[in-house]
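Dropping final-v3.csv in here (CSV, C-alpha atoms):
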```csv
chain,number,residue,atom,x,y,z
A,4,MET,CA,156.1,35.1,234.3
A,5,ILE,CA,158.1,33.7,231.4
A,6,SER,CA,161.5,32.2,232.0
A,7,TYR,CA,164.2,32.9,229.5
A,8,LYS,CA,165.2,29.3,229.8
A,9,ASP,CA,161.8,28.3,228.3
A,10,LEU,CA,162.7,30.5,225.3
A,11,GLY,CA,166.1,28.7,224.8
A,12,LEU,CA,168.1,31.7,225.9
A,13,VAL,CA,171.0,31.8,228.3
A,14,ASN,CA,172.2,34.4,230.8
A,15,THR,CA,175.6,36.0,230.5
A,16,ARG,CA,177.4,34.3,233.4
A,17,ASP,CA,179.1,31.5,231.5
A,18,MET,CA,179.6,33.7,228.4
A,19,PHE,CA,181.7,36.1,230.5
A,20,LYS,CA,183.6,33.4,232.3
A,21,LYS,CA,184.7,31.9,229.0
A,22,ALA,CA,185.5,35.3,227.6
A,23,MET,CA,187.6,36.3,230.5
A,24,ALA,CA,189.6,33.1,230.2
A,25,GLY,CA,190.0,33.4,226.5
A,26,LYS,CA,190.8,37.1,226.3
A,27,TYR,CA,188.0,38.1,224.0
A,28,ALA,CA,184.7,40.0,224.2
A,29,VAL,CA,181.2,38.8,223.6
A,30,PRO,CA,179.5,41.0,221.0
A,31,ALA,CA,176.5,42.9,222.2
A,32,TYR,CA,174.5,44.1,219.2
A,33,ASN,CA,171.4,46.3,219.4
A,34,PHE,CA,168.5,45.5,217.1
A,35,ASN,CA,165.3,47.3,216.2
A,36,ASN,CA,163.8,45.2,213.4
A,37,MET,CA,163.7,41.7,211.8
A,38,GLU,CA,166.5,42.3,209.3
A,39,GLN,CA,168.9,43.4,212.0
A,40,ILE,CA,168.2,40.4,214.2
A,41,GLN,CA,168.5,38.0,211.1
A,42,ALA,CA,171.9,39.6,210.2
A,43,ILE,CA,173.2,39.2,213.8
A,44,ILE,CA,172.1,35.6,214.1
A,45,ILE,CA,173.5,34.6,210.6
A,46,ALA,CA,176.8,36.3,211.2
A,47,CYS,CA,177.3,34.9,214.7
A,48,VAL,CA,176.3,31.3,213.6
A,49,GLU,CA,178.6,31.4,210.6
A,50,THR,CA,181.5,32.8,212.7
A,51,GLN,CA,180.6,30.5,215.6
A,52,SER,CA,180.5,33.4,218.1
A,53,PRO,CA,178.3,33.8,221.2
A,54,VAL,CA,176.1,36.8,221.1
A,55,ILE,CA,174.1,39.2,223.2
A,56,LEU,CA,171.0,40.6,221.5
A,57,GLN,CA,170.4,44.0,223.0
A,58,VAL,CA,167.1,45.9,223.3
A,59,SER,CA,167.0,49.5,224.4
A,60,SER,CA,163.9,50.9,226.1
A,61,GLY,CA,163.2,52.8,222.9
A,62,ALA,CA,163.5,49.7,220.8
A,63,ARG,CA,161.2,47.9,223.2
A,64,LYS,CA,158.5,50.5,222.8
A,65,TYR,CA,159.0,50.5,219.0
A,66,ALA,CA,158.8,46.7,218.6
A,67,ASN,CA,156.2,46.1,221.4
A,68,GLN,CA,157.2,44.1,224.4
A,69,THR,CA,155.0,41.1,223.6
A,70,LEU,CA,156.4,40.9,220.1
A,71,LEU,CA,160.0,41.0,221.5
A,72,GLN,CA,159.3,37.9,223.5
A,73,TYR,CA,158.5,36.0,220.3
A,74,MET,CA,161.5,37.6,218.5
A,75,GLY,CA,163.8,36.3,221.2
A,76,GLN,CA,162.3,32.8,220.8
A,77,GLY,CA,162.4,33.2,217.0
A,78,ALA,CA,166.1,34.2,217.1
A,79,VAL,CA,166.9,30.9,218.9
A,80,ALA,CA,164.9,28.9,216.4
A,81,MET,CA,166.5,30.7,213.5
A,82,MET,CA,169.9,30.0,215.1
A,83,LYS,CA,169.2,26.3,215.4
A,84,ASN,CA,168.0,26.0,211.8
A,85,HIS,CA,170.8,28.0,210.3
A,86,ALA,CA,173.4,26.0,212.3
A,87,LYS,CA,171.9,22.8,211.1
A,88,GLU,CA,171.9,23.9,207.5
A,89,LYS,CA,175.5,25.0,207.7
A,90,GLY,CA,176.7,21.9,209.6
A,91,LEU,CA,177.8,24.1,212.5
A,92,LYS,CA,177.2,23.8,216.2
A,93,GLU,CA,174.6,25.9,218.0
A,94,ILE,CA,175.7,29.2,219.7
A,95,PRO,CA,174.6,30.7,223.0
A,96,ILE,CA,172.2,33.7,222.8
A,97,ALA,CA,171.4,36.1,225.6
A,98,LEU,CA,168.6,38.7,225.4
A,99,HIS,CA,169.6,41.8,227.2
A,100,LEU,CA,167.9,45.1,228.2
A,101,ASP,CA,170.3,47.9,227.4
A,102,HIS,CA,170.2,51.0,229.6
A,103,GLY,CA,167.2,50.2,231.7
A,104,ASP,CA,166.6,53.2,233.9
A,105,THR,CA,164.0,52.1,236.3
A,106,PHE,CA,163.3,49.0,238.5
A,107,GLU,CA,159.9,48.6,236.9
A,108,LEU,CA,161.4,48.4,233.4
A,109,CYS,CA,163.9,45.8,234.4
A,110,GLU,CA,161.2,43.8,236.3
A,111,SER,CA,158.9,43.8,233.2
A,112,CYS,CA,161.7,42.6,231.0
A,113,ILE,CA,162.7,39.8,233.3
A,114,GLU,CA,159.1,38.7,233.6
A,115,SER,CA,158.8,38.6,229.8
A,116,GLY,CA,161.8,36.4,229.2
A,117,PHE,CA,164.9,38.6,229.1
A,118,SER,CA,168.0,36.7,230.4
A,119,SER,CA,170.0,39.7,231.3
A,120,VAL,CA,169.2,43.4,232.2
A,121,MET,CA,171.2,46.6,232.6
A,122,ILE,CA,170.1,49.0,235.3
A,123,ASP,CA,171.7,52.4,234.5
A,124,GLY,CA,171.7,54.4,237.7
A,125,SER,CA,174.7,56.5,236.6
A,126,HIS,CA,172.6,59.7,236.5
A,127,HIS,CA,171.8,59.3,240.2
A,128,SER,CA,174.1,60.0,243.1
A,129,PHE,CA,176.6,57.2,244.0
A,130,ASN,CA,174.5,56.0,246.9
A,131,ASP,CA,171.2,56.1,245.0
A,132,ASN,CA,172.9,54.2,242.1
A,133,ILE,CA,173.9,51.5,244.6
A,134,ALA,CA,170.4,51.3,246.1
A,135,LEU,CA,168.6,51.1,242.7
A,136,THR,CA,171.1,48.6,241.3
A,137,LYS,CA,170.9,46.4,244.4
A,138,LYS,CA,167.1,46.3,244.2
A,139,VAL,CA,167.3,45.1,240.6
A,140,VAL,CA,169.9,42.5,241.4
A,141,GLU,CA,167.9,41.1,244.3
A,142,PHE,CA,164.9,40.7,242.0
A,143,ALA,CA,166.8,39.4,239.0
A,144,HIS,CA,168.9,36.8,240.8
A,145,GLN,CA,165.7,35.1,242.0
A,146,TYR,CA,165.2,34.1,238.4
A,147,ASP,CA,168.9,33.5,237.6
A,148,VAL,CA,168.9,36.6,235.4
A,149,THR,CA,172.2,38.5,235.2
A,150,VAL,CA,172.6,42.2,235.9
A,151,GLU,CA,174.9,44.9,234.5
A,152,GLY,CA,175.4,48.1,236.4
A,153,GLU,CA,177.1,51.3,235.4
A,154,LEU,CA,179.6,53.8,237.0
A,155,GLY,CA,180.5,56.9,235.2
A,156,VAL,CA,178.7,58.7,232.4
A,157,LEU,CA,179.2,58.4,228.6
A,158,ALA,CA,178.6,61.5,226.4
A,159,GLY,CA,176.5,61.4,223.3
A,160,ILE,CA,172.9,60.5,222.3
A,161,GLU,CA,171.4,57.1,221.5
A,162,ASP,CA,167.7,56.4,221.9
A,163,ASP,CA,166.7,57.6,225.3
A,164,VAL,CA,170.2,57.9,226.6
A,165,SER,CA,171.7,61.4,226.5
A,166,ALA,CA,174.6,63.3,228.2
A,167,GLU,CA,176.5,66.3,227.1
A,168,LYS,CA,179.9,65.2,228.4
A,169,SER,CA,181.6,62.2,229.8
A,170,THR,CA,182.3,61.6,233.5
A,171,TYR,CA,185.1,59.0,233.8
A,172,THR,CA,184.5,56.1,236.2
A,173,GLN,CA,186.3,56.6,239.5
A,174,PRO,CA,188.4,53.5,240.3
A,175,SER,CA,188.1,54.3,244.0
A,176,GLU,CA,184.3,53.6,243.8
A,177,VAL,CA,184.2,50.3,242.0
A,178,ILE,CA,184.9,47.9,245.0
A,179,GLU,CA,182.2,49.4,247.1
A,180,PHE,CA,179.7,49.5,244.2
A,181,VAL,CA,180.3,45.9,243.2
A,182,GLU,CA,180.3,44.5,246.7
A,183,LYS,CA,177.1,46.4,247.8
A,184,THR,CA,175.1,45.8,244.7
A,185,GLY,CA,176.1,42.2,243.8
A,186,VAL,CA,176.1,43.1,240.0
A,187,ASP,CA,177.4,40.5,237.5
A,188,SER,CA,179.2,43.0,235.3
A,189,LEU,CA,180.1,46.7,235.3
A,190,ALA,CA,179.9,49.2,232.5
A,191,ILE,CA,182.6,51.9,232.8
A,192,SER,CA,183.4,55.2,231.2
A,193,ILE,CA,187.0,55.5,229.8
A,194,GLY,CA,186.4,57.7,226.7
A,195,THR,CA,183.9,55.9,224.5
A,196,SER,CA,180.6,57.6,223.8
A,197,HIS,CA,177.1,57.0,222.4
A,198,GLY,CA,175.8,57.7,219.0
A,199,ALA,CA,177.2,58.4,215.6
A,200,ASN,CA,178.8,61.8,216.5
A,201,LYS,CA,181.4,60.6,219.0
A,202,PHE,CA,184.3,63.0,218.2
A,203,LYS,CA,184.3,66.1,216.1
A,204,PRO,CA,187.3,66.5,213.7
A,205,GLU,CA,188.5,69.4,215.7
A,206,GLN,CA,188.9,67.1,218.8
A,207,CYS,CA,191.2,64.9,216.8
A,208,THR,CA,194.7,64.9,215.4
A,209,LYS,CA,195.6,63.9,211.8
A,210,ASN,CA,198.1,61.3,210.8
A,211,ALA,CA,200.4,61.5,207.7
A,212,ASP,CA,197.6,60.0,205.6
A,213,GLY,CA,195.1,62.7,206.6
A,214,VAL,CA,193.1,60.3,208.8
A,215,TYR,CA,191.6,61.8,211.9
A,216,ILE,CA,192.8,60.1,215.1
A,217,PRO,CA,190.6,60.6,218.2
A,218,PRO,CA,191.9,60.9,221.8
A,219,GLU,CA,193.0,57.5,223.1
A,220,LEU,CA,190.8,55.6,225.5
A,221,ARG,CA,191.8,55.9,229.2
A,222,PHE,CA,193.5,52.6,229.5
A,223,ASP,CA,195.1,53.8,232.7
A,224,ILE,CA,191.6,54.0,234.3
A,225,LEU,CA,190.7,50.5,233.0
A,226,GLU,CA,194.0,49.1,234.4
A,227,GLU,CA,193.3,50.6,237.8
A,228,ILE,CA,189.8,49.2,237.8
A,229,GLU,CA,191.1,45.8,237.0
A,230,GLN,CA,193.5,46.0,239.9
A,231,LYS,CA,190.7,47.0,242.2
A,232,ILE,CA,188.3,44.2,241.1
A,233,PRO,CA,190.5,41.5,239.5
A,234,GLY,CA,188.6,38.9,237.4
A,235,PHE,CA,185.4,41.0,237.3
A,236,THR,CA,183.6,41.5,234.0
A,237,ILE,CA,183.9,45.0,232.5
A,238,VAL,CA,181.6,46.3,229.8
A,239,LEU,CA,182.3,49.0,227.2
A,240,HIS,CA,179.4,51.0,225.8
A,241,GLY,CA,179.5,53.3,222.8
A,242,SER,CA,182.1,51.3,221.0
A,243,SER,CA,181.1,51.8,217.4
A,244,SER,CA,183.9,52.8,215.0
A,245,VAL,CA,181.6,55.1,212.9
A,246,PRO,CA,183.1,53.9,209.5
A,247,VAL,CA,184.0,56.7,207.1
A,248,GLU,CA,182.9,54.6,204.2
A,249,ALA,CA,179.3,54.3,205.5
A,250,VAL,CA,179.0,58.0,206.2
A,251,LYS,CA,180.3,58.8,202.7
A,252,ILE,CA,177.7,56.5,201.1
A,253,ILE,CA,174.9,58.0,203.2
A,254,ASN,CA,175.9,61.6,202.2
A,255,ALA,CA,176.5,60.7,198.6
A,256,ASN,CA,172.9,59.4,198.4
A,257,GLY,CA,171.0,62.2,200.0
A,258,GLY,CA,172.1,62.1,203.6
A,259,VAL,CA,173.4,65.0,205.6
A,260,LEU,CA,175.5,63.4,208.4
A,261,LYS,CA,178.1,65.5,210.0
A,262,ASP,CA,181.7,64.5,209.9
A,263,SER,CA,182.4,62.3,212.9
A,264,VAL,CA,185.1,60.0,214.2
A,265,GLY,CA,184.4,56.8,216.1
A,266,ILE,CA,186.4,54.5,218.4
A,267,PRO,CA,189.3,53.0,216.4
A,268,GLU,CA,188.9,49.3,216.2
A,269,GLU,CA,192.5,48.7,217.4
A,270,GLN,CA,191.7,50.4,220.7
A,271,ILE,CA,188.7,48.1,221.1
A,272,ARG,CA,190.9,45.1,220.4
A,273,MET,CA,193.3,46.3,223.1
A,274,ALA,CA,190.5,46.6,225.6
A,275,THR,CA,189.3,43.0,224.9
A,276,ARG,CA,192.7,41.6,225.9
A,277,SER,CA,191.9,42.7,229.5
A,278,ALA,CA,188.8,42.3,231.6
A,279,VAL,CA,186.5,43.8,229.0
A,280,CYS,CA,184.3,40.8,228.2
A,281,LYS,CA,181.3,42.7,226.6
A,282,VAL,CA,181.4,45.4,223.9
A,283,ASN,CA,178.3,47.2,222.8
A,284,ILE,CA,177.9,48.1,219.2
A,285,ASP,CA,174.8,49.9,217.8
A,286,SER,CA,175.6,52.9,215.7
A,287,ASP,CA,177.7,51.0,213.2
A,288,GLY,CA,174.8,48.8,212.4
A,289,ARG,CA,172.5,51.8,211.9
A,290,LEU,CA,175.0,53.5,209.7
A,291,TRP,CA,175.7,50.6,207.4
A,292,MET,CA,172.0,49.7,207.1
A,293,THR,CA,171.1,53.3,206.2
A,294,ALA,CA,173.9,53.5,203.8
A,295,ALA,CA,172.8,50.3,201.9
A,296,ILE,CA,169.1,51.5,201.8
A,297,ARG,CA,170.0,55.0,200.6
A,298,LYS,CA,172.3,53.6,197.9
A,299,HIS,CA,169.7,51.1,196.7
A,300,MET,CA,166.9,53.7,196.6
A,301,LYS,CA,169.0,56.2,194.6
A,302,GLU,CA,170.1,53.5,192.1
A,303,LYS,CA,166.7,51.9,191.8
A,304,PRO,CA,164.1,54.5,192.5
A,305,ALA,CA,161.3,52.5,191.0
A,306,ASP,CA,161.6,49.8,193.7
A,307,PHE,CA,158.9,49.9,196.3
A,308,ASP,CA,158.9,46.4,197.8
A,309,PRO,CA,160.7,46.6,201.2
A,310,ARG,CA,162.4,43.3,200.5
A,311,GLN,CA,164.2,44.8,197.6
A,312,TYR,CA,166.1,47.3,199.7
A,313,LEU,CA,166.0,45.6,203.2
A,314,GLY,CA,167.5,42.4,201.8
A,315,PRO,CA,170.7,44.0,200.5
A,316,ALA,CA,170.9,46.0,203.7
A,317,ARG,CA,170.7,42.8,205.7
A,318,GLU,CA,173.6,41.4,203.6
A,319,VAL,CA,175.8,44.5,204.4
A,320,LEU,CA,175.0,44.0,208.1
A,321,ILE,CA,176.0,40.3,208.0
A,322,THR,CA,179.4,41.3,206.6
A,323,MET,CA,179.9,44.0,209.2
A,324,TYR,CA,179.0,41.8,212.1
A,325,LYS,CA,181.3,39.0,210.9
A,326,HIS,CA,184.1,41.5,210.6
A,327,LYS,CA,183.5,42.7,214.2
A,328,ASN,CA,183.5,39.1,215.5
A,329,GLU,CA,186.6,38.0,213.5
A,330,HIS,CA,188.8,41.1,213.6
A,331,VAL,CA,187.8,43.3,216.5
A,332,LEU,CA,186.3,41.3,219.4
A,333,ASN,CA,188.1,38.0,218.7
A,334,SER,CA,184.8,36.1,219.5
A,335,ALA,CA,184.8,34.0,216.3
A,336,GLY,CA,185.1,30.3,217.0
A,337,LYS,CA,184.3,30.8,220.7
A,338,ALA,CA,180.7,29.5,220.8
```

Encoding of this model in structure tokens:
Amino acid sequence: MISYKDLGLVNTRDMFKKAMAGKYAVPAYNFNNMEQIQAIIIACVETQSPVILQVSSGARKYANQTLLQYMGQGAVAMMKNHAKEKGLKEIPIALHLDHGDTFELCESCIESGFSSVMIDGSHHSFNDNIALTKKVVEFAHQYDVTVEGELGVLAGIEDDVSAEKSTYTQPSEVIEFVEKTGVDSLAISIGTSHGANKFKPEQCTKNADGVYIPPELRFDILEEIEQKIPGFTIVLHGSSSVPVEAVKIINANGGVLKDSVGIPEEQIRMATRSAVCKVNIDSDGRLWMTAAIRKHMKEKPADFDPRQYLGPAREVLITMYKHKNEHVLNSAGKA
């Protein structure tokens, strides 16, 4: 058993308490490789933002669970060094399991140093979701690890998570779920979705400038949930904006991505002014990284050293994460 505290990590309890009081959201960025985690840490240190490093079950298999333990520890060491070099204060870092689907997976992550886990029982019946989530909470809280549960289903595909259509969270269920499970935060479904293909153009309207506008998030559901469980931490998954520029760069350099529309950043900003204290962003990082790599490889086809194309991709990611912290989540300066 390895405690997250020994790795220099923190759980999300104080993060969310401060975010609730300050009306901002803590960024939860998924990573799969070294360049992504470097970009996240550099961006968050330089914007002085707290951060949640997220690992999906697929990413955990890809990176190897033992290696992830050292990556978490290395992220903290990198944060300390970069903060010292820049004359900035250190930032809090949580290591979180994203969309854990079994008790055993959550247990393994907790035992290997994760400071927070999500148990996604949304594909089960309401009562079975409660039972599974409660079991994870009871185990995790023994080690002061925080737990995120989920009610409602997000459409889309991302790693091992897949659903054809969304099922909105029922506000009438949230009180019972939170009280019976003891979760620390609750992921809800109000219209966001997983993956890069969130909305097809035909699902959207066009404004005067020809820009596709997707359906608005269900802020009425969010407001009703807040009234049912006032002061409780709400989480939004599937909150990437799917930037048109990144998709264009990918397709101009050999990619074949379909036209898609993400969640407008203004709608995410609106959500963070409420009880939404954690916003998950994964696809935007994948898109910008792929865009940078494809562009580099087309312009410099003789390059074969991974550092030559992964280095520029890392710089693009740093810019993107800084933008999210400063202009979308309002987490900059809140470390």

TODO: Please indicate the distance in Å from atom CA of A:Thr69 to atom CA of A:Ser115, rounded to one decimal place.
DONE: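 Going from atom CA of A:Thr69 over to atom CA of A:Ser115, I get 7.7 Å.
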
- [ ] Identify, on the basis of only C-alpha atoms, every residue whose closest approach to A:Ala143 does not exceed 8 Å; exclude the query and any residue fewer than 5 positions from it along the same chain; express the result as a ChimeraX atom specification.
- [x] /A:110,113,148-150

TODO: Quote the spacing between atom CA of A:Ala42 and atom CA of A:Leu320 in Å to one decimal place.
DONE: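 Between these atoms lies a distance of 5.8 Å.
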
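One distance worth recording is that between atom CA of A:Glu151 and atom CA of A:Asn36, which is 23.8 Å.
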
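Residues within 12 Å of A:Lys183, counting all atoms listed in the file and excluding same-chain residues fewer than 5 positions away, are Phe129, Asn130, Asp131, Asn132, Ile133, Ala134, Leu135, Thr136, Lys137, Lys138, Val140, Glu141, Gly152, Glu176, Val177 and Ile178 of chain A.
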
Open item on the list: With all atoms listed in the file as the counted atoms, please give the residues lying no more than 8 Å from A:Gly11, apart from itself and same-chain residues fewer than 3 positions off, as JSON, numbers by chain.
Closed with: {"A": [7, 8, 76, 79]}

Open item on the list: Excluding A:Glu114 and its own-chain neighbours fewer than 4 positions away, which residues fall within 8 Å of it when counting all atoms listed in the file? Please give them as an NGL selection string.
Closed with: :A and (4-6 or 110)

Would you mind listing what lies within 7 Å of A:Leu98 as a PDB file with C-alpha atoms, in the frame of the given file, with only C-alpha atoms counted and same-chain residues fewer than 5 positions away left out?
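This is the output file part.pdb:
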```pdb
ATOM      1  CA  ILE A  55     174.100  39.200 223.200  1.00  0.00           C
ATOM      2  CA  LEU A  56     171.000  40.600 221.500  1.00  0.00           C
ATOM      3  CA  GLN A  57     170.400  44.000 223.000  1.00  0.00           C
ATOM      4  CA  GLY A  75     163.800  36.300 221.200  1.00  0.00           C
ATOM      5  CA  PHE A 117     164.900  38.600 229.100  1.00  0.00           C
ATOM      6  CA  SER A 118     168.000  36.700 230.400  1.00  0.00           C
ATOM      7  CA  SER A 119     170.000  39.700 231.300  1.00  0.00           C
TER       8      SER A 119
END
```
